[in-house]
file structure-v4.txt (compact mmCIF, C-alpha atoms)
# COMPACT_ATOMS: atom_id res chain seq x y z
CA MET A 1 10.12 -31.16 40.99
CA ARG A 2 8.65 -30.99 44.47
CA HIS A 3 6.66 -27.95 45.56
CA ARG A 4 8.90 -25.92 47.88
CA ILE A 5 7.25 -24.68 51.08
CA VAL A 6 9.40 -22.44 53.29
CA VAL A 7 8.25 -21.59 56.82
CA LEU A 8 9.97 -18.64 58.50
CA GLY A 9 10.05 -18.86 62.29
CA ALA A 10 9.62 -21.86 64.59
CA GLY A 11 7.61 -20.35 67.40
CA TYR A 12 4.17 -21.67 68.25
CA THR A 13 2.70 -20.75 64.87
CA GLY A 14 5.56 -21.60 62.53
CA ALA A 15 6.39 -24.93 64.15
CA PHE A 16 2.72 -25.90 64.30
CA ALA A 17 2.17 -24.98 60.63
CA ALA A 18 5.25 -26.92 59.48
CA GLY A 19 4.17 -29.99 61.42
CA ARG A 20 0.61 -29.87 60.11
CA LEU A 21 1.79 -29.48 56.52
CA ALA A 22 4.10 -32.46 56.95
CA ARG A 23 1.21 -34.51 58.35
CA ARG A 24 -1.16 -33.72 55.51
CA LEU A 25 1.00 -33.57 52.36
CA HIS A 26 2.87 -36.43 50.70
CA PRO A 27 6.66 -36.09 51.10
CA GLU A 28 7.25 -37.06 47.47
CA ASP A 29 5.33 -33.98 46.36
CA VAL A 30 6.55 -31.25 48.73
CA ALA A 31 9.81 -30.09 50.30
CA ILE A 32 9.14 -28.30 53.60
CA THR A 33 11.91 -26.14 55.07
CA LEU A 34 11.64 -24.56 58.53
CA VAL A 35 13.97 -21.61 59.17
CA ASN A 36 14.68 -20.50 62.74
CA THR A 37 17.41 -18.55 64.49
CA GLU A 38 17.51 -20.73 67.61
CA PRO A 39 17.99 -24.52 67.64
CA ASP A 40 15.20 -25.00 70.20
CA PHE A 41 11.48 -24.35 70.33
CA VAL A 42 10.95 -21.57 72.86
CA GLU A 43 7.81 -21.44 75.00
CA ARG A 44 7.37 -17.71 74.80
CA VAL A 45 4.44 -17.70 77.22
CA ARG A 46 6.84 -18.87 79.95
CA MET A 47 9.51 -16.18 79.60
CA HIS A 48 8.48 -14.57 82.90
CA GLN A 49 9.21 -17.91 84.56
CA LEU A 50 12.62 -18.16 82.90
CA ALA A 51 13.45 -14.61 83.99
CA THR A 52 12.79 -15.43 87.66
CA GLY A 53 15.19 -18.37 87.74
CA GLN A 54 12.96 -21.28 86.78
CA ASP A 55 14.44 -23.82 84.37
CA LEU A 56 12.31 -24.74 81.39
CA ARG A 57 12.30 -28.09 79.65
CA PRO A 58 14.55 -28.00 76.55
CA ARG A 59 12.75 -28.76 73.29
CA PRO A 60 15.32 -29.20 70.46
CA LEU A 61 13.73 -28.66 67.06
CA GLY A 62 15.87 -31.42 65.60
CA GLN A 63 14.26 -33.97 67.90
CA MET A 64 10.77 -32.55 67.42
CA PHE A 65 10.88 -32.85 63.64
CA ALA A 66 12.97 -36.02 63.34
CA GLY A 67 11.34 -38.35 60.84
CA THR A 68 8.77 -35.82 59.62
CA GLY A 69 10.54 -34.86 56.40
CA VAL A 70 10.77 -31.22 57.51
CA GLU A 71 14.24 -29.79 56.83
CA LEU A 72 15.51 -27.47 59.57
CA ARG A 73 17.61 -24.47 58.60
CA PRO A 74 19.26 -22.68 61.55
CA ALA A 75 19.63 -19.19 60.14
CA LYS A 76 18.51 -15.58 60.44
CA VAL A 77 16.14 -14.12 57.87
CA THR A 78 17.44 -10.77 56.58
CA ALA A 79 15.27 -10.08 53.53
CA ILE A 80 12.38 -11.35 51.40
CA ASP A 81 12.04 -10.79 47.65
CA VAL A 82 8.40 -11.62 46.93
CA GLU A 83 8.76 -10.95 43.22
CA ARG A 84 11.69 -13.36 42.76
CA LYS A 85 10.24 -15.64 45.47
CA THR A 86 13.43 -15.90 47.51
CA VAL A 87 14.41 -15.45 51.16
CA THR A 88 17.85 -14.17 52.13
CA LEU A 89 19.47 -15.96 55.08
CA THR A 90 22.57 -15.45 57.20
CA ASP A 91 23.84 -17.50 60.10
CA ALA A 92 24.57 -16.27 63.60
CA TYR A 93 28.01 -15.05 62.49
CA GLY A 94 26.77 -13.14 59.45
CA ALA A 95 27.46 -15.70 56.73
CA LEU A 96 26.43 -19.22 55.85
CA SER A 97 29.20 -21.76 55.33
CA THR A 98 27.50 -22.98 52.16
CA THR A 99 28.24 -19.65 50.49
CA PRO A 100 31.72 -18.64 51.71
CA GLY A 101 32.56 -15.01 51.19
CA SER A 102 29.08 -13.96 50.11
CA GLY A 103 27.72 -13.30 53.59
CA ALA A 104 24.28 -14.60 52.65
CA GLU A 105 22.31 -17.32 50.92
CA GLU A 106 19.11 -17.12 48.92
CA LEU A 107 16.49 -19.77 49.62
CA PRO A 108 13.84 -20.10 46.88
CA TYR A 109 10.21 -20.97 47.59
CA ASP A 110 6.96 -21.74 45.83
CA THR A 111 4.85 -21.11 48.93
CA LEU A 112 6.06 -19.01 51.85
CA VAL A 113 4.64 -19.13 55.39
CA TYR A 114 5.71 -16.00 57.27
CA ALA A 115 5.73 -16.60 61.03
CA LEU A 116 8.50 -14.33 62.32
CA GLY A 117 6.26 -13.06 65.10
CA SER A 118 6.95 -9.98 67.19
CA GLY A 119 9.35 -8.51 69.70
CA TRP A 120 9.22 -5.81 72.32
CA ASN A 121 8.27 -2.27 71.33
CA ALA A 122 10.11 0.42 73.27
CA GLN A 123 11.00 2.79 70.46
CA SER A 124 8.49 5.52 71.28
CA VAL A 125 9.69 6.16 74.85
CA PRO A 126 13.11 7.78 75.41
CA GLY A 127 15.52 5.61 77.36
CA ALA A 128 13.45 2.43 77.26
CA ALA A 129 15.69 0.60 74.80
CA GLU A 130 18.83 1.63 76.72
CA HIS A 131 17.71 1.08 80.30
CA ALA A 132 14.81 -1.41 80.32
CA HIS A 133 14.76 -5.19 80.15
CA GLU A 134 12.34 -7.21 77.99
CA ILE A 135 10.94 -10.72 78.10
CA ALA A 136 9.57 -11.03 74.56
CA GLY A 137 12.16 -13.73 73.81
CA ARG A 138 14.66 -16.04 75.48
CA PRO A 139 17.76 -13.80 75.16
CA GLY A 140 15.97 -10.93 76.89
CA ALA A 141 14.54 -13.19 79.59
CA LEU A 142 18.00 -14.63 80.31
CA ARG A 143 19.50 -11.14 80.62
CA LEU A 144 16.78 -10.17 83.09
CA ARG A 145 17.32 -13.44 84.96
CA GLU A 146 21.00 -12.59 85.42
CA ARG A 147 20.21 -9.02 86.49
CA LEU A 148 17.61 -10.11 89.07
CA ALA A 149 20.01 -12.70 90.47
CA ARG A 150 22.51 -9.90 91.18
CA LEU A 151 19.90 -7.59 92.69
CA GLY A 152 20.18 -7.27 96.45
CA ALA A 153 17.32 -7.30 98.94
CA GLY A 154 15.34 -4.11 99.28
CA ARG A 155 15.96 -3.01 95.69
CA SER A 156 13.15 -1.91 93.40
CA VAL A 157 11.76 -3.44 90.21
CA VAL A 158 9.21 -1.63 88.06
CA VAL A 159 7.21 -3.50 85.42
CA VAL A 160 5.82 -1.16 82.77
CA GLY A 161 2.64 -2.35 81.05
CA GLY A 162 -0.68 -3.52 82.43
CA GLY A 163 -1.44 -6.14 79.78
CA LEU A 164 -1.32 -9.88 80.37
CA THR A 165 2.46 -10.05 79.98
CA GLY A 166 3.01 -7.25 82.48
CA LEU A 167 0.63 -8.76 85.02
CA GLU A 168 2.31 -12.15 84.79
CA ALA A 169 5.82 -10.68 85.00
CA ALA A 170 5.05 -8.53 88.06
CA ALA A 171 3.37 -11.39 89.93
CA GLU A 172 6.12 -13.88 89.08
CA ILE A 173 8.91 -11.54 90.20
CA ALA A 174 7.13 -10.59 93.42
CA GLU A 175 6.46 -14.23 94.31
CA ALA A 176 9.99 -15.40 93.49
CA ARG A 177 11.67 -12.42 95.20
CA PRO A 178 9.57 -11.22 98.15
CA ASP A 179 12.65 -9.30 99.34
CA LEU A 180 12.29 -6.82 96.46
CA HIS A 181 9.99 -3.82 96.09
CA VAL A 182 7.96 -4.62 92.96
CA ALA A 183 5.79 -2.01 91.27
CA LEU A 184 3.52 -2.12 88.24
CA ALA A 185 2.95 0.99 86.09
CA THR A 186 -0.15 0.83 83.88
CA HIS A 187 -1.22 3.34 81.26
CA ASP A 188 -4.89 2.84 82.14
CA ALA A 189 -6.78 1.44 85.12
CA LEU A 190 -5.59 -1.91 86.43
CA GLY A 191 -7.33 -4.77 84.62
CA ASP A 192 -9.54 -2.38 82.67
CA ARG A 193 -10.41 -5.09 80.13
CA LEU A 194 -11.46 -7.59 82.78
CA SER A 195 -14.88 -8.11 84.32
CA PRO A 196 -15.59 -6.64 87.80
CA LYS A 197 -14.92 -10.03 89.38
CA GLY A 198 -11.69 -10.35 87.43
CA ARG A 199 -10.47 -6.91 88.47
CA ALA A 200 -11.32 -7.56 92.11
CA HIS A 201 -9.39 -10.84 92.16
CA LEU A 202 -6.43 -9.23 90.40
CA ARG A 203 -6.22 -6.45 92.99
CA THR A 204 -6.45 -8.97 95.82
CA VAL A 205 -3.62 -11.15 94.51
CA LEU A 206 -1.30 -8.25 93.64
CA GLY A 207 -1.95 -6.77 97.09
CA ARG A 208 -1.05 -10.04 98.81
CA LEU A 209 2.17 -10.16 96.80
CA GLY A 210 3.04 -6.65 97.96
CA ILE A 211 3.03 -5.12 94.49
CA THR A 212 2.55 -1.36 94.32
CA VAL A 213 0.28 -0.45 91.42
CA HIS A 214 0.55 2.92 89.67
CA GLU A 215 -2.61 3.33 87.60
CA ASN A 216 -3.15 5.81 84.77
CA ALA A 217 0.60 6.35 84.77
CA ALA A 218 1.72 6.99 81.20
CA VAL A 219 5.49 6.48 81.09
CA THR A 220 7.30 9.31 79.31
CA ALA A 221 10.91 8.25 79.85
CA VAL A 222 13.06 5.51 81.35
CA GLU A 223 16.29 6.38 83.13
CA ALA A 224 18.95 4.22 84.73
CA ASP A 225 17.39 4.42 88.19
CA ARG A 226 13.80 5.48 87.65
CA VAL A 227 10.73 5.47 85.43
CA VAL A 228 9.33 8.91 84.63
CA THR A 229 5.56 9.37 84.33
CA ALA A 230 3.33 12.41 83.88
CA GLY A 231 2.56 12.25 87.59
CA GLY A 232 6.14 11.92 88.80
CA ALA A 233 9.07 9.49 88.95
CA ILE A 234 9.02 5.89 90.22
CA PRO A 235 12.34 4.57 91.62
CA ALA A 236 13.59 1.57 89.63
CA ASP A 237 16.82 -0.33 90.05
CA VAL A 238 15.48 -2.60 87.31
CA THR A 239 12.82 -1.72 84.73
CA VAL A 240 10.96 -4.44 82.84
CA TRP A 241 9.23 -3.24 79.67
CA THR A 242 6.09 -5.10 78.57
CA ALA A 243 4.12 -2.19 77.09
CA GLY A 244 3.32 -3.51 73.65
CA PHE A 245 4.91 -5.56 70.90
CA ALA A 246 6.16 -4.74 67.40
CA VAL A 247 6.44 -7.07 64.42
CA HIS A 248 9.65 -7.80 62.57
CA PRO A 249 10.42 -5.02 60.03
CA ILE A 250 11.24 -7.39 57.16
CA ALA A 251 7.67 -7.55 55.85
CA ARG A 252 7.38 -3.76 55.64
CA ALA A 253 10.67 -3.62 53.74
CA SER A 254 9.30 -5.97 51.10
CA ALA A 255 6.58 -5.43 48.47
CA LEU A 256 4.00 -7.19 50.65
CA GLU A 257 0.95 -5.15 51.60
CA VAL A 258 1.13 -4.36 55.31
CA GLY A 259 -1.00 -2.36 57.74
CA ASP A 260 0.05 0.55 59.91
CA THR A 261 1.50 -1.90 62.42
CA GLY A 262 3.72 -3.56 59.82
CA GLN A 263 1.65 -6.75 59.93
CA ILE A 264 0.93 -8.48 56.62
CA VAL A 265 -2.64 -7.94 55.44
CA VAL A 266 -4.26 -11.34 54.87
CA ASP A 267 -7.61 -12.78 53.81
CA ALA A 268 -9.67 -15.28 55.76
CA THR A 269 -7.29 -18.12 54.83
CA MET A 270 -4.22 -16.18 56.06
CA ARG A 271 -3.03 -15.58 52.49
CA SER A 272 -1.44 -12.24 51.63
CA VAL A 273 -3.88 -10.02 49.74
CA SER A 274 -1.05 -8.71 47.54
CA HIS A 275 1.02 -11.88 46.98
CA PRO A 276 -1.07 -15.08 47.11
CA ASP A 277 1.96 -17.38 47.35
CA VAL A 278 2.70 -15.87 50.79
CA TYR A 279 0.80 -16.74 53.97
CA ALA A 280 1.22 -14.85 57.26
CA ILE A 281 0.30 -16.32 60.64
CA GLY A 282 0.43 -15.38 64.29
CA ASP A 283 1.59 -11.93 65.36
CA ALA A 284 2.88 -11.22 61.84
CA ALA A 285 -0.62 -11.32 60.32
CA LEU A 286 -3.18 -8.53 60.21
CA ALA A 287 -6.15 -10.89 60.33
CA THR A 288 -9.78 -10.01 60.90
CA GLY A 289 -11.70 -11.68 63.70
CA PRO A 290 -15.32 -11.52 64.86
CA GLY A 291 -16.93 -8.11 64.54
CA GLY A 292 -14.32 -6.99 62.02
CA LYS A 293 -11.75 -6.46 64.79
CA PRO A 294 -8.09 -7.38 64.17
CA LEU A 295 -6.94 -10.43 66.10
CA ARG A 296 -4.68 -9.48 68.99
CA MET A 297 -1.08 -10.62 69.19
CA SER A 298 -1.22 -13.74 71.33
CA CYS A 299 -0.77 -17.49 71.37
CA ALA A 300 -4.57 -17.73 71.42
CA SER A 301 -4.61 -16.11 67.99
CA GLY A 302 -1.45 -17.70 66.64
CA ILE A 303 -2.18 -21.42 66.63
CA PRO A 304 -5.66 -21.06 65.05
CA THR A 305 -4.19 -18.90 62.26
CA ALA A 306 -1.45 -21.49 61.71
CA TRP A 307 -4.08 -24.22 61.48
CA GLN A 308 -6.11 -22.12 59.01
CA ALA A 309 -3.12 -21.35 56.80
CA ALA A 310 -1.80 -24.92 56.71
CA ASP A 311 -5.19 -26.35 55.77
CA ALA A 312 -5.66 -23.66 53.11
CA ILE A 313 -2.27 -24.47 51.57
CA VAL A 314 -3.13 -28.18 51.52
CA ALA A 315 -6.53 -27.47 49.95
CA ARG A 316 -5.10 -25.29 47.21
CA LEU A 317 -2.32 -27.74 46.36
CA THR A 318 -4.51 -30.83 46.36
CA GLY A 319 -7.82 -29.51 45.06
CA GLY A 320 -9.56 -29.87 48.42
CA LYS A 321 -12.09 -27.68 50.18
CA LEU A 322 -10.85 -24.45 51.71
CA PRO A 323 -11.24 -24.09 55.49
CA ASN A 324 -13.84 -21.55 56.59
CA ALA A 325 -13.66 -21.80 60.38
CA SER A 326 -14.26 -18.52 62.18
CA LEU A 327 -11.43 -17.31 64.41
CA GLY A 328 -12.50 -16.11 67.84
CA TYR A 329 -11.68 -16.24 71.52
CA VAL A 330 -12.95 -18.19 74.52
CA ASN A 331 -10.93 -16.86 77.45
CA GLN A 332 -7.89 -14.94 78.61
CA CYS A 333 -5.54 -16.96 80.80
CA VAL A 334 -3.32 -15.15 83.30
CA SER A 335 -0.85 -16.77 85.68
CA LEU A 336 -0.30 -14.76 88.86
CA GLY A 337 2.71 -16.63 90.20
CA ARG A 338 2.80 -20.41 90.54
CA ALA A 339 -0.11 -20.73 92.96
CA GLN A 340 -2.65 -18.22 91.64
CA GLY A 341 -4.31 -17.54 88.32
CA LEU A 342 -7.16 -15.78 86.60
CA ILE A 343 -9.22 -17.14 83.73
CA GLN A 344 -11.38 -14.41 82.24
CA PHE A 345 -14.04 -15.81 79.95
CA VAL A 346 -14.68 -13.62 76.91
CA THR A 347 -16.92 -13.29 73.89
CA ALA A 348 -15.67 -14.37 70.47
CA ASP A 349 -14.54 -10.80 69.82
CA ASP A 350 -12.58 -10.72 73.10
CA ARG A 351 -14.91 -8.73 75.37
CA ALA A 352 -15.05 -9.79 79.01
CA LYS A 353 -17.99 -11.85 80.23
CA PRO A 354 -19.04 -11.76 83.90
CA ALA A 355 -17.70 -15.29 84.51
CA VAL A 356 -14.17 -15.89 85.80
CA LEU A 357 -12.16 -18.74 87.27
CA THR A 358 -9.73 -17.79 90.02
CA GLY A 359 -7.26 -19.14 92.54
CA ARG A 360 -5.38 -22.42 92.46
CA LEU A 361 -7.81 -23.98 90.00
CA ALA A 362 -7.17 -21.14 87.56
CA ALA A 363 -3.41 -21.65 87.92
CA VAL A 364 -3.81 -25.33 87.06
CA TYR A 365 -6.04 -24.42 84.10
CA LYS A 366 -3.42 -22.00 82.74
CA GLU A 367 -0.67 -24.57 83.20
CA LEU A 368 -2.66 -27.16 81.26
CA VAL A 369 -3.22 -24.65 78.44
CA CYS A 370 0.52 -23.92 78.26
CA LYS A 371 1.43 -27.59 78.31
CA GLY A 372 -1.19 -28.40 75.69
CA ALA A 373 0.09 -25.71 73.33
CA ALA A 374 3.69 -26.87 73.71
CA TRP A 375 2.73 -30.52 73.31
CA SER A 376 0.84 -29.86 70.07
CA VAL A 377 3.91 -28.14 68.63
CA ALA A 378 6.41 -30.68 69.99
CA ASN A 379 4.53 -33.68 68.55
CA PRO A 380 4.08 -32.84 64.88
CA THR A 381 3.64 -36.48 63.84
CA PHE A 382 0.89 -37.31 66.35
CA ALA A 383 -2.16 -38.92 64.71
CA LEU A 384 -0.35 -39.02 61.37
CA PRO A 385 -2.98 -39.86 58.73
CA GLY A 386 -2.62 -43.21 56.99
CA ARG A 387 -2.56 -41.55 53.59
CA ARG A 388 -1.15 -38.08 53.10
CA ARG A 389 -2.70 -36.14 50.25
CA ARG A 390 -1.00 -35.90 46.87
CA VAL A 391 -0.35 -32.58 45.22
CA THR A 392 -2.14 -31.98 41.94
CA ARG A 393 0.68 -31.51 39.48
CA GLU A 394 -1.14 -28.84 37.48
CA ARG A 395 -1.74 -26.78 40.63
CA ALA A 396 1.84 -27.10 41.84
CA ALA A 397 3.22 -26.07 38.45
CA ALA A 398 0.84 -23.16 37.95
CA GLY A 399 1.13 -21.80 41.49
CA PRO A 400 -1.64 -19.66 43.01
CA ALA A 401 -4.29 -18.82 40.46
CA VAL A 402 -5.44 -15.50 41.90
CA ARG A 403 -3.37 -12.34 42.45
CA THR A 404 -6.22 -9.88 42.89
CA PRO A 405 -6.05 -8.29 46.37
CA ALA A 406 -9.00 -9.06 48.62
CA ARG A 407 -9.44 -7.44 51.97
CA GLY A 408 -9.34 -9.53 55.14
CA GLY A 409 -12.54 -11.36 55.98
CA THR A 410 -13.17 -12.74 52.49
CA SER A 411 -12.03 -16.14 51.33
CA ALA A 412 -9.95 -16.31 48.18
CA ARG A 413 -10.37 -19.15 45.75
call {"tool": "encode", "arguments": {"input": "structure-v4.txt", "output": "structure tokens"}}
result
Amino acid sequence: MRHRIVVLGAGYTGAFAAGRLARRLHPEDVAITLVNTEPDFVERVRMHQLATGQDLRPRPLGQMFAGTGVELRPAKVTAIDVERKTVTLTDAYGALSTTPGSGAEELPYDTLVYALGSGWNAQSVPGAAEHAHEIAGRPGALRLRERLARLGAGRSVVVVGGGLTGLEAAAEIAEARPDLHVALATHDALGDRLSPKGRAHLRTVLGRLGITVHENAAVTAVEADRVVTAGGAIPADVTVWTAGFAVHPIARASALEVGDTGQIVVDATMRSVSHPDVYAIGDAALATGPGGKPLRMSCASGIPTAWQAADAIVARLTGGKLPNASLGYVNQCVSLGRAQGLIQFVTADDRAKPAVLTGRLAAVYKELVCKGAAWSVANPTFALPGRRRRVTRERAAAGPAVRTPARGGTSAR
């Protein structure tokens, strides 16, 4: 019987992990199933572009994984039973046709790769969920796109959140719709995590785009026509919420050990410290980076964790050497519209260095990074090795040998 590997989520991390596993393991020994709600791979880092009316290149998962041996399952994950080693699935209409009348199907696994990622987090602020738009995924970006298209000249848009997503959204909207009054509300100082040069360039570009910046403006409520802060109200015909992300609640509802954020606690190989047959990658993982700091939710964290997990799974199934690469950062890439960008170089633990890249060159740099990430996911069979590794039968039958929890930062056997 083949070893069953189930990957949940086909974003950057899940799709990359599935493709790498297919490249490195022999198809006679493993059955790889990739579960995803949408039929296409979605470039999440481009949702601000989609929201402003730009059309993105379609990337059907069926075409991406054709000939790889990866089975695609278009379905929604509703539960995980880590003791019985099953995943409960439903389709978009609440039931899978393969199990008529039951409303759900159980998919068994031997190894599970959890890559369900994150969505927007507006639960702590009254009115945000009811009145604000989000761009954490394609459905939200398309709803905002429709709303902006109906918004007349002279109307106001307020973007809440001064992180990278908020900066990119505000700049993209202001560039695409110069007839609107665009404002950015940040909880702290603008670009407080950037270097002095980075902050100066950011202020210059946002000023040229006509964006009004409200600094140190903690939002306490969102209403239909305004954003309420401790210092007063900001008029808003449209509110875009980018102030933080939250992981999918399924992991917390299971017996998996999770942190305060609901992320799955993992060791240095991205394996769950409580259930070693489960791996978590990307935003879903509470992984430790340089200096003992948790990796931030980002594409920059996601693909390296997917790489680490896939190689660890291959090593454990085939008797190979476990990966021990350190996970750290090089830069933060920010697009500020289509013609401007900011590349903030950082230390491995994500602290700003003095050096930055700005202007048109930075915009091109960011675009190349985005294209490179999408290409690596969309070409899972590139550089396919001549001989994929065979699974050691004893290891596949026995499953993971260790179930003793080990805190993140230590490699399990």
call {"tool": "residues_around", "arguments": {"input": "structure-v4.txt", "residues": "Gly162 (chain A)", "least_positions_apart": "3", "cutoff": "9 Å", "atoms": "only C-alpha atoms", "output": "PyMOL selection string"}}
result
chain A and resi 159+165-167+184-192+215+242-243
call {"tool": "atom_distance", "arguments": {"input": "structure-v4.txt", "atom1": "CA of Ser156 (chain A)", "atom2": "CA of Arg193 (chain A)"}}
result
27.2 Å
call {"tool": "closest_residue", "arguments": {"input": "structure-v4.txt", "among": "A:Arg389, A:Gly328, A:Ala378, A:Pro304", "to": "Gly62 (chain A)", "atoms": "only C-alpha atoms"}}
result
A:Ala378
call {"tool": "closest_residue", "arguments": {"input": "structure-v4.txt", "among": "A:Asp237, A:Leu286, A:Ala79, A:Arg271", "to": "Val258 (chain A)", "atoms": "all atoms listed in the file"}}
result
A:Leu286
call {"tool": "closest_residue", "arguments": {"input": "structure-v4.txt", "among": "A:Gly259, A:Ser272, A:Val205, A:Gly69", "to": "Ala339 (chain A)", "atoms": "all atoms listed in the file"}}
result
A:Val205
call {"tool": "build_atoms", "arguments": {"input": "structure-v4.txt", "residues": "region 292-308 of chain A", "atoms": "N, CA and C atoms", "output": "PDB file, in the coordinates of the input"}}
result
ATOM      1  N   GLY A 292     -15.221  -7.797  62.837  1.00  0.00           N
ATOM      2  CA  GLY A 292     -14.320  -6.990  62.020  1.00  0.00           C
ATOM      3  C   GLY A 292     -13.119  -6.453  62.763  1.00  0.00           C
ATOM      4  N   LYS A 293     -12.882  -6.939  63.993  1.00  0.00           N
ATOM      5  CA  LYS A 293     -11.750  -6.460  64.790  1.00  0.00           C
ATOM      6  C   LYS A 293     -10.496  -7.265  64.467  1.00  0.00           C
ATOM      7  N   PRO A 294      -9.332  -6.628  64.383  1.00  0.00           N
ATOM      8  CA  PRO A 294      -8.090  -7.380  64.170  1.00  0.00           C
ATOM      9  C   PRO A 294      -7.823  -8.324  65.343  1.00  0.00           C
ATOM     10  N   LEU A 295      -7.319  -9.505  65.049  1.00  0.00           N
ATOM     11  CA  LEU A 295      -6.940 -10.430  66.100  1.00  0.00           C
ATOM     12  C   LEU A 295      -5.760  -9.855  66.874  1.00  0.00           C
ATOM     13  N   ARG A 296      -5.782 -10.011  68.192  1.00  0.00           N
ATOM     14  CA  ARG A 296      -4.680  -9.480  68.990  1.00  0.00           C
ATOM     15  C   ARG A 296      -3.475 -10.409  68.920  1.00  0.00           C
ATOM     16  N   MET A 297      -2.307  -9.823  69.171  1.00  0.00           N
ATOM     17  CA  MET A 297      -1.080 -10.620  69.190  1.00  0.00           C
ATOM     18  C   MET A 297      -1.090 -11.507  70.427  1.00  0.00           C
ATOM     19  N   SER A 298      -1.145 -12.800  70.208  1.00  0.00           N
ATOM     20  CA  SER A 298      -1.220 -13.740  71.330  1.00  0.00           C
ATOM     21  C   SER A 298      -1.097 -15.152  70.812  1.00  0.00           C
ATOM     22  N   CYS A 299      -0.774 -16.072  71.717  1.00  0.00           N
ATOM     23  CA  CYS A 299      -0.770 -17.490  71.370  1.00  0.00           C
ATOM     24  C   CYS A 299      -2.177 -17.953  71.024  1.00  0.00           C
ATOM     25  N   ALA A 300      -3.177 -17.359  71.689  1.00  0.00           N
ATOM     26  CA  ALA A 300      -4.570 -17.730  71.420  1.00  0.00           C
ATOM     27  C   ALA A 300      -4.973 -17.421  69.991  1.00  0.00           C
ATOM     28  N   SER A 301      -4.354 -16.414  69.393  1.00  0.00           N
ATOM     29  CA  SER A 301      -4.610 -16.110  67.990  1.00  0.00           C
ATOM     30  C   SER A 301      -3.706 -16.919  67.066  1.00  0.00           C
ATOM     31  N   GLY A 302      -2.471 -17.135  67.514  1.00  0.00           N
ATOM     32  CA  GLY A 302      -1.450 -17.700  66.640  1.00  0.00           C
ATOM     33  C   GLY A 302      -1.722 -19.095  66.151  1.00  0.00           C
ATOM     34  N   ILE A 303      -2.006 -20.025  67.051  1.00  0.00           N
ATOM     35  CA  ILE A 303      -2.180 -21.420  66.630  1.00  0.00           C
ATOM     36  C   ILE A 303      -3.404 -21.589  65.719  1.00  0.00           C
ATOM     37  N   PRO A 304      -4.551 -20.959  66.008  1.00  0.00           N
ATOM     38  CA  PRO A 304      -5.660 -21.060  65.050  1.00  0.00           C
ATOM     39  C   PRO A 304      -5.332 -20.503  63.659  1.00  0.00           C
ATOM     40  N   THR A 305      -4.556 -19.418  63.582  1.00  0.00           N
ATOM     41  CA  THR A 305      -4.190 -18.900  62.260  1.00  0.00           C
ATOM     42  C   THR A 305      -3.230 -19.853  61.551  1.00  0.00           C
ATOM     43  N   ALA A 306      -2.349 -20.511  62.307  1.00  0.00           N
ATOM     44  CA  ALA A 306      -1.450 -21.490  61.710  1.00  0.00           C
ATOM     45  C   ALA A 306      -2.231 -22.676  61.155  1.00  0.00           C
ATOM     46  N   TRP A 307      -3.210 -23.122  61.909  1.00  0.00           N
ATOM     47  CA  TRP A 307      -4.080 -24.220  61.480  1.00  0.00           C
ATOM     48  C   TRP A 307      -4.804 -23.817  60.184  1.00  0.00           C
ATOM     49  N   GLN A 308      -5.359 -22.602  60.171  1.00  0.00           N
ATOM     50  CA  GLN A 308      -6.110 -22.120  59.010  1.00  0.00           C
ATOM     51  C   GLN A 308      -5.215 -22.048  57.768  1.00  0.00           C
TER      52      GLN A 308
END
